[in-house]
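Reviewing the structure listed below.
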Amino acid sequence: MADYLLEASWSPIEGSFGRLTFTLFNLSTEPLSGFSLAYTSETRVADKHVCDGGSLKRQVAHFHEFLPPEGLSVPPGGRWRFTVEGLTRAPKHMTSGVKSAYLTLGDGRHVSVGFGDLMLEGRDGGVAPPILPPGRAEEPYSLLPWPLALGLKAGELPVVLYPAEPTRPDAVKALSLVLELYQRLYPADNVPFSLSAVEGGRAIRFVIESSIAAFAYELRFTAHEIMLSSADAAGRHYGLISLAQLLHGARADRERFKFPSFGTIADQPRYDWRGCHLDVSRQFYPVADVVRLIDILAWNKLNIFHWHLADDEAWRLEIKAYPALTEIGARRGPDEVLVPQLGDGAQTRSGHYTQQDARRIVAHAASLHIEVVPEIDIPGHSMATLFSLPELVDGQEAPDSYRSVQGYPNNALNPAVEFTYEFLGKVFDEMVTLFPGEYLHIGGDEVAHGSWLSSPLCKALMEREKLTGTAELQSYFLKRIKAMLSERGKKLVGWNEVSHGGGVDRDGTLLMAWEKPEVGIELAQQGYDVVMTPGQAYYLDMAQAEAWAEPGASWAGHAPPEHTYAYEAEGELPEVLREKMRGIQACIWTENFLSRAYFNRLVFPRLPAVAEAAWTPSARKDWDRFAAIVRMWPVL
Ligand code: ACM
């Protein structure tokens, strides 16, 4: 139990982003004096602010440290109250307040402080509405994503499904992989498959059928046998998942769902890029969590795991050439180089993936037909890297000469420091041994206005290369990065701002349109391959309703699951650009994700909603059917 408790409330004020009131309660038996109070919050105090009853001593992005008035002593049972007016944005939800807090005492010790939701003063906060209706399934089959075409008649529920005699060993192996996937996702349920024939079960006959499209499959049901046809292993895998899903629903909700006895399913994905991103920089997820998320992606027939491994708040991948990246760059705490952020309290928190971990995750994903796309976010979002390897900084650059939108000063790798390229070359050399996929994601987002313009090395580079301003410097940098990736046989993936200042060679470049969907169409027009990840619908950290009581972030608005489900990311994409549009992706940014319960509350059911939007043609989407099925689907 904490001896101290910090409460915060927010009052809206006309013409400003409002006022925060903090109250620190001393629940201990000793008077409290000679201390400072630190907390982390996404509702940041602006440089220009007025603090009544205390003063801001230090701030680094979301980390804030306040001092009480000179000589203040808080008696046992007493409280210290201070207010701050002058914020960088108005909070919109009760989760926009304190994420962690601690005291630093006169002797240097750090002591935990409890905290609660951000209270709203003087306005009705509303009530968070239910996020999922009971749903309705007109066709009694639990398939999610819903298939392209189906004509089925419901029948007896088989005890189990098993491979017909004879079945080739590779097909038996494929079946056992989906069996194991099911057991991991639903350890308390009956298995859908058995390797040997069982009385009362039904046989699956595997057929290789070269006329079927890549990734597609067909299921033909009869009373005594099921024929699963595909041209490739991926199609067969999706067919097996469909069978496991049908059986799962028919057992879990016998009133609504049945197993087919006659008819066919002919299915194939709408898009070939069906992604889910996970930010492991802001919060660290142990290998077991990542493996489970990949299992969930597989169950929903997603096929890309975009692993956001480095950001301002931490670098999470072991690089043998630069151990400091994880020794320094993956640790945050009151006495560490990286200060506490986004939920870190009095104790240091750290975590990274060894190269062995990365290999294991890539192999696990590959066994489920999922490709891992690793991301190192450069040149912006690089605070952890720059703190770990100070040689990357132009020592003559004015400190705090620009700030990122998240509030980090001078947080971009410098395009005029030659060591930048030597460093990244070695990082890429190690990454290509770990990640065999086609793509490497290099970020490219949110380089702050004015970045590098106070760096003498950049000024000289701009003169030499005839570059004018930050965007052209960024393009110069990214062109070199693109060449380095090409040399290593990798295609470049980046966020939409990669196109700024002239961009990079379109050939073999895929950009993710996150700022708004129209950006994706513009990028396709410019010749880039595009994946749509619009924050307004597919950023799963955004709140699911407008109400103050609803948890979540708000900078991209709020996205009810029904909106995420119905959203058509293509927008008005002209037919000639269709082949540039590779697919869609959900993004799990984790600034606010302090618990598993919070993760599940925000990510589900919106992740399966994106999965269905990625697989199923728009005309076959049905929100009520989705709602009926998704309640039986696994969460983290
Ligand atoms: C992003 O949300 N900055 C890609």
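Going through the structure tokens in order, the chains are called A, B, and so on, while each chain numbers its residues from 1 and the ligands are numbered from 1 in the order shown.
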Within 10 Å of ligand 1, counting only C-alpha atoms and all ligand atoms, residues as a CSV table (one decimal) with N, CA, C and O atoms, in the first residue's frame:
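Contents of the output file pocket12.csv:
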chain,number,residue,atom,x,y,z
A,377,ASP,N,12.6,3.1,-35.8
A,377,ASP,CA,12.0,4.4,-36.3
A,377,ASP,C,13.1,5.5,-36.3
A,377,ASP,O,13.6,6.0,-35.3
A,380,GLY,N,13.6,10.6,-37.0
A,380,GLY,CA,13.0,11.1,-35.8
A,380,GLY,C,12.8,10.0,-34.7
A,380,GLY,O,13.3,8.9,-34.9
A,381,HIS,N,12.1,10.3,-33.6
A,381,HIS,CA,11.8,9.3,-32.6
A,381,HIS,C,13.0,8.6,-32.1
A,381,HIS,O,12.9,7.4,-31.8
A,405,VAL,N,6.7,16.5,-31.6
A,405,VAL,CA,5.3,16.7,-31.2
A,405,VAL,C,5.0,16.0,-29.8
A,405,VAL,O,4.1,16.5,-29.0
A,406,GLN,N,5.8,15.0,-29.4
A,406,GLN,CA,5.7,14.4,-28.1
A,406,GLN,C,6.5,15.2,-27.1
A,406,GLN,O,6.5,14.7,-25.9
A,443,GLY,N,10.6,3.8,-40.3
A,443,GLY,CA,9.9,4.9,-39.6
A,443,GLY,C,9.7,6.1,-40.6
A,443,GLY,O,8.9,6.0,-41.5
A,444,GLY,N,10.4,7.1,-40.3
A,444,GLY,CA,10.4,8.3,-41.2
A,444,GLY,C,9.3,9.3,-40.8
A,444,GLY,O,9.1,10.3,-41.5
A,445,ASP,N,8.6,9.0,-39.7
A,445,ASP,CA,7.5,9.9,-39.3
A,445,ASP,C,7.9,11.0,-38.3
A,445,ASP,O,8.9,10.9,-37.6
A,446,GLU,N,7.1,12.1,-38.3
A,446,GLU,CA,7.2,13.1,-37.3
A,446,GLU,C,8.5,13.7,-37.0
A,446,GLU,O,8.8,14.0,-35.9
A,447,VAL,N,9.4,13.9,-38.0
A,447,VAL,CA,10.6,14.7,-37.8
A,447,VAL,C,10.1,16.1,-37.6
A,447,VAL,O,9.3,16.7,-38.4
A,494,GLY,N,8.0,2.6,-44.8
A,494,GLY,CA,8.1,3.8,-43.9
A,494,GLY,C,6.7,4.4,-43.7
A,494,GLY,O,5.7,4.0,-44.4
A,495,TRP,N,6.6,5.3,-42.8
A,495,TRP,CA,5.3,6.1,-42.6
A,495,TRP,C,5.2,7.1,-43.7
A,495,TRP,O,6.2,7.4,-44.4
A,496,ASN,N,4.0,7.7,-43.9
A,496,ASN,CA,3.8,8.6,-45.1
A,496,ASN,C,4.7,9.7,-45.3
A,496,ASN,O,5.0,10.2,-46.4
A,497,GLU,N,5.3,10.3,-44.2
A,497,GLU,CA,6.2,11.4,-44.3
A,497,GLU,C,7.5,11.1,-45.0
A,497,GLU,O,8.3,12.0,-45.4
A,512,MET,N,3.1,3.7,-45.4
A,512,MET,CA,1.9,3.6,-44.6
A,512,MET,C,1.3,4.9,-44.4
A,512,MET,O,1.9,5.8,-43.7
A,513,ALA,N,0.0,5.1,-44.9
A,513,ALA,CA,-0.7,6.3,-44.8
A,513,ALA,C,-1.4,6.3,-43.4
A,513,ALA,O,-2.4,5.7,-43.3
A,514,TRP,N,-0.9,7.1,-42.5
A,514,TRP,CA,-1.5,7.1,-41.2
A,514,TRP,C,-2.2,8.4,-40.8
A,514,TRP,O,-3.1,8.5,-40.0
A,515,GLU,N,-1.7,9.5,-41.4
A,515,GLU,CA,-2.3,10.9,-41.0
A,515,GLU,C,-3.7,11.1,-41.4
A,515,GLU,O,-4.5,11.5,-40.6
A,533,THR,N,-3.2,2.9,-42.9
A,533,THR,CA,-3.3,2.7,-41.4
A,533,THR,C,-3.9,4.0,-40.8
A,533,THR,O,-3.2,4.6,-39.9
A,534,PRO,N,-5.0,4.5,-41.3
A,534,PRO,CA,-5.5,5.8,-40.8
A,534,PRO,C,-5.8,5.8,-39.3
A,534,PRO,O,-6.5,4.9,-38.7
A,535,GLY,N,-5.2,6.8,-38.6
A,535,GLY,CA,-5.3,6.9,-37.2
A,535,GLY,C,-6.8,7.0,-36.8
A,535,GLY,O,-7.2,6.5,-35.7
A,539,TYR,N,-6.1,3.1,-35.4
A,539,TYR,CA,-5.2,3.2,-34.3
A,539,TYR,C,-6.0,2.8,-33.1
A,539,TYR,O,-6.9,3.5,-32.6
A,556,ALA,N,-6.3,11.5,-32.4
A,556,ALA,CA,-6.8,11.2,-33.7
A,556,ALA,C,-8.4,11.0,-33.7
A,556,ALA,O,-9.0,10.5,-34.6
A,587,CYS,N,-2.9,-0.5,-35.9
A,587,CYS,CA,-1.7,-0.1,-35.1
A,587,CYS,C,-2.0,-0.1,-33.6
A,587,CYS,O,-3.0,0.6,-33.2
A,588,ILE,N,-1.1,-0.7,-32.8
A,588,ILE,CA,-1.3,-0.7,-31.4
A,588,ILE,C,-0.2,0.1,-30.8
A,588,ILE,O,0.9,-0.4,-30.6
A,589,TRP,N,-0.4,1.4,-30.6
A,589,TRP,CA,0.5,2.3,-30.0
A,589,TRP,C,0.3,2.2,-28.5
A,589,TRP,O,-0.9,2.3,-28.0
Close residues, A:Ala164 itself excluded, 7 Å, only C-alpha atoms, min 6 positions apart in chain, as a list in words: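 Contacts, in chain order: Ala203, Ile204 and Arg205 of chain A.
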Determine, for each residue of stretch 270-358 of chain A having at least one atom at most 12 Å from an atom of stretch 229-243 of chain A, the closest pair of atoms and their separation in Å to one decimal, counting only C-alpha atoms; order by chain and ascending number, as a tab-separated table.
residue	atom	partner	partner_atom	distance
A:Asp272	CA	A:Ala234	CA	11.7
A:Asp295	CA	A:Ile241	CA	11.5
A:Ile296	CA	A:Ile241	CA	11.6
A:Leu297	CA	A:Ile241	CA	11.6
A:Ala298	CA	A:Ile241	CA	8.5
A:Trp299	CA	A:Ile241	CA	6.7
A:Asn300	CA	A:Ile241	CA	8.7
A:Lys301	CA	A:Tyr238	CA	6.9
A:Leu302	CA	A:Tyr238	CA	10.1
A:Asn303	CA	A:Ala234	CA	9.9
Let's see if you can do this: from backbone DSSP, list all strand (DSSP E or B) residues in stretch 63-261 of chain A, as an MDAnalysis selection string. chainID A and resid 63:67 73:74 79:87 98:104 110:112 114:120 149:155 161:163 193 202:208 217:221 225:230 259:261
Alpha helix (DSSP H) positions in stretch 297-539 of chain A, given as an NGL selection string: :A and (297-299 or 324-327 or 355-367 or 383-388 or 418-434 or 456-465 or 470-487 or 517-525 or 535-538)
In Å, how far is it from atom CA of A:Leu32 to atom CA of A:Lys57? 18.2 Å
Go through A:Ala416, A:Pro617, A:Gly18, A:Gly125 and flag the residue nearest A:Leu467, using only C-alpha atoms for the distances. A:Ala416
Per residue of stretch 211-327 of chain A within 9 Å of stretch 422-438 of chain A, what are the shortest atom pair and its distance in Å to one decimal, counting only C-alpha atoms, with rows by chain and residue number, as a tab-separated table?
residue	atom	partner	partner_atom	distance
A:Ile319	CA	A:Val427	CA	6.5
A:Lys320	CA	A:Glu430	CA	7.9
A:Ala321	CA	A:Lys426	CA	6.9
A:Tyr322	CA	A:Val427	CA	8.4
Since we have the selection now, will you write its residues out, keeping C-alpha atoms, as a PDB file, in the first residue's frame?
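After the write, result-v7.pdb holds the following:
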ATOM      1  CA  ILE A 319      22.454  -5.255 -31.454  1.00  0.00           C
ATOM      2  CA  LYS A 320      25.755  -6.962 -30.748  1.00  0.00           C
ATOM      3  CA  ALA A 321      27.839  -4.144 -32.266  1.00  0.00           C
ATOM      4  CA  TYR A 322      26.242  -1.584 -29.903  1.00  0.00           C
TER       5      TYR A 322
END
Separation of atom CA of A:His563 and atom CA of A:Pro145, in Å?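 If I compute the distance from atom CA of A:His563 to atom CA of A:Pro145, I get 16.5 Å.
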What separation in Å, quoted to one decimal, exists between atom CA of A:Gly489 and atom CA of A:Ile376?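 So the answer is 16.9 Å.
Considering only C-alpha atoms, the residue among A:Leu37, A:Leu105, A:Leu20, A:Leu510 positioned nearest to A:Leu5 is A:Leu37.
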As an NGL selection string, please: the residues near A:Ala619 (cut-off 12 Å, only C-alpha atoms, same-chain neighbours under 4 positions excluded). :A and (146-149 or 270 or 566 or 568 or 612-613 or 615 or 623)
12 Å contact set for A:Leu636, only C-alpha atoms, chain neighbours under 2 positions out, as a tab-separated table (two decimals) with all heavy atoms, in the first residue's frame:
chain	number	residue	atom	x	y	z
A	184	ARG	N	-3.43	-23.47	-27.79
A	184	ARG	CA	-2.86	-22.30	-27.09
A	184	ARG	C	-3.93	-21.23	-26.86
A	184	ARG	O	-3.96	-20.58	-25.82
A	184	ARG	CB	-1.68	-21.72	-27.87
A	184	ARG	CG	-0.44	-22.61	-27.89
A	184	ARG	CD	0.78	-21.86	-28.42
A	184	ARG	NE	0.62	-21.36	-29.78
A	184	ARG	CZ	0.86	-22.05	-30.89
A	184	ARG	NH1	1.28	-23.30	-30.81
A	184	ARG	NH2	0.70	-21.50	-32.08
A	185	LEU	N	-4.80	-21.05	-27.86
A	185	LEU	CA	-5.80	-19.98	-27.75
A	185	LEU	C	-6.96	-20.37	-26.84
A	185	LEU	O	-7.53	-19.52	-26.16
A	185	LEU	CB	-6.33	-19.62	-29.14
A	185	LEU	CG	-5.32	-18.95	-30.07
A	185	LEU	CD1	-5.91	-18.79	-31.47
A	185	LEU	CD2	-4.88	-17.59	-29.52
A	186	TYR	N	-7.31	-21.64	-26.86
A	186	TYR	CA	-8.48	-22.11	-26.09
A	186	TYR	C	-8.10	-23.34	-25.29
A	186	TYR	O	-8.61	-24.44	-25.54
A	186	TYR	CB	-9.62	-22.45	-27.05
A	186	TYR	CG	-10.14	-21.28	-27.86
A	186	TYR	CD1	-9.83	-21.15	-29.21
A	186	TYR	CD2	-10.96	-20.32	-27.27
A	186	TYR	CE1	-10.32	-20.09	-29.96
A	186	TYR	CE2	-11.45	-19.25	-28.02
A	186	TYR	CZ	-11.13	-19.14	-29.36
A	186	TYR	OH	-11.61	-18.10	-30.10
A	285	TYR	N	6.69	-5.70	-24.06
A	285	TYR	CA	5.90	-6.93	-24.01
A	285	TYR	C	6.83	-8.13	-24.06
A	285	TYR	O	7.58	-8.27	-25.03
A	285	TYR	CB	4.88	-6.98	-25.17
A	285	TYR	CG	3.83	-5.93	-24.99
A	285	TYR	CD1	4.02	-4.62	-25.42
A	285	TYR	CD2	2.66	-6.22	-24.29
A	285	TYR	CE1	3.08	-3.63	-25.18
A	285	TYR	CE2	1.71	-5.24	-24.05
A	285	TYR	CZ	1.92	-3.95	-24.50
A	285	TYR	OH	1.00	-2.98	-24.25
A	288	ALA	N	6.48	-14.05	-24.48
A	288	ALA	CA	5.24	-14.84	-24.41
A	288	ALA	C	4.04	-14.02	-24.87
A	288	ALA	O	3.13	-14.55	-25.52
A	288	ALA	CB	5.02	-15.34	-22.98
A	289	ASP	N	4.02	-12.73	-24.56
A	289	ASP	CA	2.90	-11.88	-25.00
A	289	ASP	C	2.94	-11.67	-26.51
A	289	ASP	O	1.89	-11.64	-27.17
A	289	ASP	CB	2.98	-10.50	-24.33
A	289	ASP	CG	2.60	-10.54	-22.86
A	289	ASP	OD1	2.24	-11.63	-22.37
A	289	ASP	OD2	2.70	-9.49	-22.20
A	290	VAL	N	4.14	-11.48	-27.03
A	290	VAL	CA	4.27	-11.27	-28.48
A	290	VAL	C	3.83	-12.54	-29.22
A	290	VAL	O	3.09	-12.47	-30.21
A	290	VAL	CB	5.72	-10.89	-28.85
A	290	VAL	CG1	5.88	-10.77	-30.37
A	290	VAL	CG2	6.12	-9.58	-28.17
A	291	VAL	N	4.24	-13.68	-28.70
A	291	VAL	CA	3.85	-14.96	-29.31
A	291	VAL	C	2.32	-15.11	-29.27
A	291	VAL	O	1.69	-15.52	-30.24
A	291	VAL	CB	4.57	-16.13	-28.58
A	291	VAL	CG1	3.91	-17.46	-28.90
A	291	VAL	CG2	6.05	-16.14	-28.97
A	292	ARG	N	1.73	-14.75	-28.15
A	292	ARG	CA	0.27	-14.88	-28.07
A	292	ARG	C	-0.43	-13.91	-29.03
A	292	ARG	O	-1.41	-14.26	-29.67
A	292	ARG	CB	-0.23	-14.66	-26.64
A	292	ARG	CG	-1.74	-14.78	-26.56
A	292	ARG	CD	-2.27	-15.08	-25.19
A	292	ARG	NE	-3.73	-15.07	-25.22
A	292	ARG	CZ	-4.50	-16.15	-25.39
A	292	ARG	NH1	-3.95	-17.34	-25.52
A	292	ARG	NH2	-5.80	-16.05	-25.44
A	293	LEU	N	0.08	-12.69	-29.13
A	293	LEU	CA	-0.53	-11.76	-30.09
A	293	LEU	C	-0.42	-12.34	-31.50
A	293	LEU	O	-1.39	-12.28	-32.28
A	293	LEU	CB	0.13	-10.38	-30.02
A	293	LEU	CG	-0.45	-9.36	-30.99
A	293	LEU	CD1	-1.92	-9.05	-30.67
A	293	LEU	CD2	0.35	-8.06	-31.00
A	294	ILE	N	0.72	-12.92	-31.84
A	294	ILE	CA	0.89	-13.52	-33.17
A	294	ILE	C	-0.11	-14.66	-33.37
A	294	ILE	O	-0.72	-14.81	-34.44
A	294	ILE	CB	2.36	-13.96	-33.38
A	294	ILE	CG1	3.23	-12.72	-33.55
A	294	ILE	CG2	2.49	-14.90	-34.58
A	294	ILE	CD1	4.72	-12.98	-33.54
A	295	ASP	N	-0.35	-15.44	-32.32
A	295	ASP	CA	-1.37	-16.50	-32.41
A	295	ASP	C	-2.75	-15.89	-32.71
A	295	ASP	O	-3.52	-16.44	-33.51
A	295	ASP	CB	-1.45	-17.28	-31.09
A	295	ASP	CG	-0.31	-18.28	-30.93
A	295	ASP	OD1	0.37	-18.59	-31.94
A	295	ASP	OD2	-0.10	-18.76	-29.79
A	296	ILE	N	-3.04	-14.78	-32.06
A	296	ILE	CA	-4.33	-14.12	-32.28
A	296	ILE	C	-4.43	-13.59	-33.72
A	296	ILE	O	-5.47	-13.71	-34.37
A	296	ILE	CB	-4.55	-13.01	-31.24
A	296	ILE	CG1	-4.76	-13.65	-29.86
A	296	ILE	CG2	-5.72	-12.11	-31.60
A	296	ILE	CD1	-4.69	-12.68	-28.69
A	297	LEU	N	-3.32	-13.03	-34.21
A	297	LEU	CA	-3.31	-12.57	-35.62
A	297	LEU	C	-3.61	-13.75	-36.53
A	297	LEU	O	-4.41	-13.64	-37.47
A	297	LEU	CB	-1.95	-11.97	-36.00
A	297	LEU	CG	-1.40	-10.81	-35.17
A	297	LEU	CD1	-0.19	-10.19	-35.86
A	297	LEU	CD2	-2.44	-9.76	-34.91
A	595	SER	N	-1.87	-1.91	-18.50
A	595	SER	CA	-2.26	-3.22	-17.97
A	595	SER	C	-2.80	-4.08	-19.10
A	595	SER	O	-3.18	-3.56	-20.15
A	595	SER	CB	-3.34	-3.07	-16.90
A	595	SER	OG	-4.53	-2.61	-17.52
A	596	ARG	N	-2.86	-5.36	-18.84
A	596	ARG	CA	-3.44	-6.28	-19.83
A	596	ARG	C	-4.94	-6.00	-20.00
A	596	ARG	O	-5.47	-6.07	-21.11
A	596	ARG	CB	-3.23	-7.72	-19.35
A	596	ARG	CG	-3.75	-8.76	-20.32
A	596	ARG	CD	-3.20	-10.11	-19.94
A	596	ARG	NE	-1.76	-10.02	-19.88
A	596	ARG	CZ	-0.94	-10.65	-20.71
A	596	ARG	NH1	-1.42	-11.45	-21.63
A	596	ARG	NH2	0.35	-10.49	-20.61
A	597	ALA	N	-5.59	-5.66	-18.90
A	597	ALA	CA	-7.03	-5.37	-19.00
A	597	ALA	C	-7.27	-4.19	-19.93
A	597	ALA	O	-8.18	-4.19	-20.76
A	597	ALA	CB	-7.60	-5.09	-17.61
A	598	TYR	N	-6.41	-3.18	-19.81
A	598	TYR	CA	-6.54	-2.00	-20.67
A	598	TYR	C	-6.27	-2.39	-22.12
A	598	TYR	O	-7.00	-1.99	-23.04
A	598	TYR	CB	-5.55	-0.93	-20.20
A	598	TYR	CG	-5.70	0.40	-20.89
A	598	TYR	CD1	-6.39	1.45	-20.29
A	598	TYR	CD2	-5.15	0.60	-22.15
A	598	TYR	CE1	-6.53	2.66	-20.94
A	598	TYR	CE2	-5.28	1.81	-22.80
A	598	TYR	CZ	-5.97	2.85	-22.20
A	598	TYR	OH	-6.11	4.04	-22.84
A	599	PHE	N	-5.23	-3.20	-22.33
A	599	PHE	CA	-4.90	-3.67	-23.69
A	599	PHE	C	-6.14	-4.33	-24.32
A	599	PHE	O	-6.56	-3.99	-25.43
A	599	PHE	CB	-3.73	-4.67	-23.62
A	599	PHE	CG	-3.21	-5.13	-24.96
A	599	PHE	CD1	-2.01	-4.63	-25.46
A	599	PHE	CD2	-3.90	-6.07	-25.71
A	599	PHE	CE1	-1.52	-5.06	-26.69
A	599	PHE	CE2	-3.42	-6.50	-26.94
A	599	PHE	CZ	-2.23	-5.99	-27.43
A	600	ASN	N	-6.72	-5.27	-23.59
A	600	ASN	CA	-7.84	-6.02	-24.14
A	600	ASN	C	-9.07	-5.12	-24.36
A	600	ASN	O	-9.80	-5.28	-25.33
A	600	ASN	CB	-8.17	-7.21	-23.24
A	600	ASN	CG	-7.14	-8.31	-23.40
A	600	ASN	OD1	-6.54	-8.46	-24.47
A	600	ASN	ND2	-6.91	-9.07	-22.34
A	601	ARG	N	-9.27	-4.17	-23.47
A	601	ARG	CA	-10.41	-3.25	-23.57
A	601	ARG	C	-10.33	-2.40	-24.84
A	601	ARG	O	-11.34	-2.09	-25.46
A	601	ARG	CB	-10.41	-2.36	-22.32
A	601	ARG	CG	-11.43	-1.26	-22.29
A	601	ARG	CD	-12.76	-1.81	-21.79
A	601	ARG	NE	-13.65	-0.74	-21.38
A	601	ARG	CZ	-14.31	0.06	-22.23
A	601	ARG	NH1	-14.18	-0.11	-23.52
A	601	ARG	NH2	-15.11	1.00	-21.78
A	602	LEU	N	-9.11	-2.04	-25.23
A	602	LEU	CA	-8.94	-1.15	-26.38
A	602	LEU	C	-8.74	-1.93	-27.70
A	602	LEU	O	-9.21	-1.51	-28.75
A	602	LEU	CB	-7.74	-0.21	-26.16
A	602	LEU	CG	-7.90	1.08	-25.35
A	602	LEU	CD1	-8.52	2.16	-26.19
A	602	LEU	CD2	-8.67	0.89	-24.07
A	603	VAL	N	-8.01	-3.03	-27.62
A	603	VAL	CA	-7.63	-3.72	-28.86
A	603	VAL	C	-8.76	-4.60	-29.39
A	603	VAL	O	-8.92	-4.77	-30.60
A	603	VAL	CB	-6.34	-4.55	-28.62
A	603	VAL	CG1	-6.05	-5.48	-29.79
A	603	VAL	CG2	-5.16	-3.61	-28.38
A	604	PHE	N	-9.58	-5.13	-28.49
A	604	PHE	CA	-10.66	-6.02	-28.90
A	604	PHE	C	-12.00	-5.35	-28.62
A	604	PHE	O	-12.16	-4.76	-27.56
A	604	PHE	CB	-10.56	-7.35	-28.16
A	604	PHE	CG	-9.24	-8.02	-28.44
A	604	PHE	CD1	-8.18	-7.91	-27.54
A	604	PHE	CD2	-9.04	-8.70	-29.63
A	604	PHE	CE1	-6.95	-8.49	-27.83
A	604	PHE	CE2	-7.81	-9.29	-29.91
A	604	PHE	CZ	-6.76	-9.18	-29.00
A	605	PRO	N	-12.95	-5.45	-29.53
A	605	PRO	CA	-12.94	-6.25	-30.76
A	605	PRO	C	-12.43	-5.51	-32.00
A	605	PRO	O	-12.69	-5.96	-33.11
A	605	PRO	CB	-14.42	-6.58	-30.94
A	605	PRO	CG	-15.12	-5.33	-30.47
A	605	PRO	CD	-14.27	-4.79	-29.34
A	607	LEU	N	-9.40	-5.18	-33.25
A	607	LEU	CA	-8.41	-5.89	-34.07
A	607	LEU	C	-9.09	-6.89	-35.01
A	607	LEU	O	-8.82	-6.87	-36.23
A	607	LEU	CB	-7.35	-6.55	-33.19
A	607	LEU	CG	-6.26	-7.31	-33.94
A	607	LEU	CD1	-5.49	-6.41	-34.90
A	607	LEU	CD2	-5.29	-7.98	-32.96
A	633	TRP	N	-14.15	-14.86	-29.64
A	633	TRP	CA	-12.76	-14.81	-30.13
A	633	TRP	C	-11.76	-14.52	-29.01
A	633	TRP	O	-12.11	-13.87	-28.02
A	633	TRP	CB	-12.67	-13.75	-31.22
A	633	TRP	CG	-12.62	-14.30	-32.63
A	633	TRP	CD1	-11.87	-13.77	-33.64
A	633	TRP	CD2	-13.30	-15.42	-33.20
A	633	TRP	NE1	-12.05	-14.50	-34.78
A	633	TRP	CE2	-12.91	-15.52	-34.54
A	633	TRP	CE3	-14.18	-16.38	-32.71
A	633	TRP	CZ2	-13.37	-16.53	-35.40
A	633	TRP	CZ3	-14.65	-17.39	-33.55
A	633	TRP	CH2	-14.24	-17.45	-34.87
A	634	PRO	N	-10.54	-14.97	-29.16
A	634	PRO	CA	-9.56	-14.83	-28.07
A	634	PRO	C	-9.03	-13.41	-27.90
A	634	PRO	O	-8.98	-12.64	-28.86
A	634	PRO	CB	-8.41	-15.75	-28.51
A	634	PRO	CG	-8.52	-15.83	-30.01
A	634	PRO	CD	-9.98	-15.70	-30.32
Shell around stretch 345-358 of chain A at 7 Å using only C-alpha atoms, local window under 4 positions removed, as a count of residues only: 20
Show which residues sit within 10 Å of A:Ser455, as a PyMOL selection string. Count only C-alpha atoms, and ignore same-chain residues fewer than 3 positions away. chain A and resi 393-399+401+414+416-417+451-452+458-461
Same residues, N, CA and C atoms, output as a compact mmCIF listing (two decimals), in the first residue's frame:
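File result12.txt, as written:
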# COMPACT_ATOMS: atom_id res chain seq x y z
N VAL A 393 25.55 12.60 -31.98
CA VAL A 393 25.09 13.99 -31.90
C VAL A 393 26.15 14.93 -32.48
N ASP A 394 25.71 15.94 -33.23
CA ASP A 394 26.60 17.04 -33.62
C ASP A 394 26.82 17.89 -32.37
N GLY A 395 28.00 17.81 -31.80
CA GLY A 395 28.28 18.48 -30.53
C GLY A 395 28.11 20.00 -30.58
N GLN A 396 28.11 20.57 -31.79
CA GLN A 396 27.97 22.02 -31.93
C GLN A 396 26.51 22.46 -32.09
N GLU A 397 25.60 21.50 -32.17
CA GLU A 397 24.19 21.86 -32.36
C GLU A 397 23.64 22.47 -31.08
N ALA A 398 22.87 23.55 -31.22
CA ALA A 398 22.29 24.18 -30.03
C ALA A 398 21.35 23.20 -29.34
N PRO A 399 21.45 23.07 -28.00
CA PRO A 399 20.53 22.16 -27.30
C PRO A 399 19.10 22.67 -27.39
N SER A 401 17.00 22.80 -29.73
CA SER A 401 16.80 23.71 -30.86
C SER A 401 15.52 23.37 -31.63
N ASN A 414 21.20 12.63 -36.92
CA ASN A 414 21.67 13.75 -37.74
C ASN A 414 22.19 13.25 -39.09
N ALA A 416 23.95 14.66 -41.21
CA ALA A 416 25.28 15.16 -41.60
C ALA A 416 26.39 14.57 -40.74
N VAL A 417 26.02 13.71 -39.79
CA VAL A 417 27.04 13.03 -38.97
C VAL A 417 27.34 11.70 -39.66
N SER A 451 14.03 20.75 -37.52
CA SER A 451 15.07 19.81 -37.08
C SER A 451 16.37 20.08 -37.85
N TRP A 452 17.47 20.03 -37.14
CA TRP A 452 18.84 20.08 -37.68
C TRP A 452 19.29 21.47 -38.13
N CYS A 458 24.96 20.10 -40.39
CA CYS A 458 23.86 20.08 -41.35
C CYS A 458 23.87 21.32 -42.24
N LYS A 459 24.24 22.45 -41.66
CA LYS A 459 24.32 23.67 -42.49
C LYS A 459 25.33 23.48 -43.61
N ALA A 460 26.47 22.87 -43.28
CA ALA A 460 27.49 22.63 -44.30
C ALA A 460 26.99 21.64 -45.34
N LEU A 461 26.28 20.62 -44.88
CA LEU A 461 25.73 19.62 -45.81
C LEU A 461 24.71 20.25 -46.75
Just checking: using only C-alpha atoms, which residue out of A:Asp253, A:Glu550, A:Asp189, A:Asp124 ends up closest to A:Lys92?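 Checking each candidate against A:Lys92, we get A:Glu550 as the closest.
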Non-local contacts of stretch 69-82 of chain A (6 Å; only C-alpha atoms; under 4 positions in same chain excluded) as an NGL selection string: :A and (21-33 or 52-54)
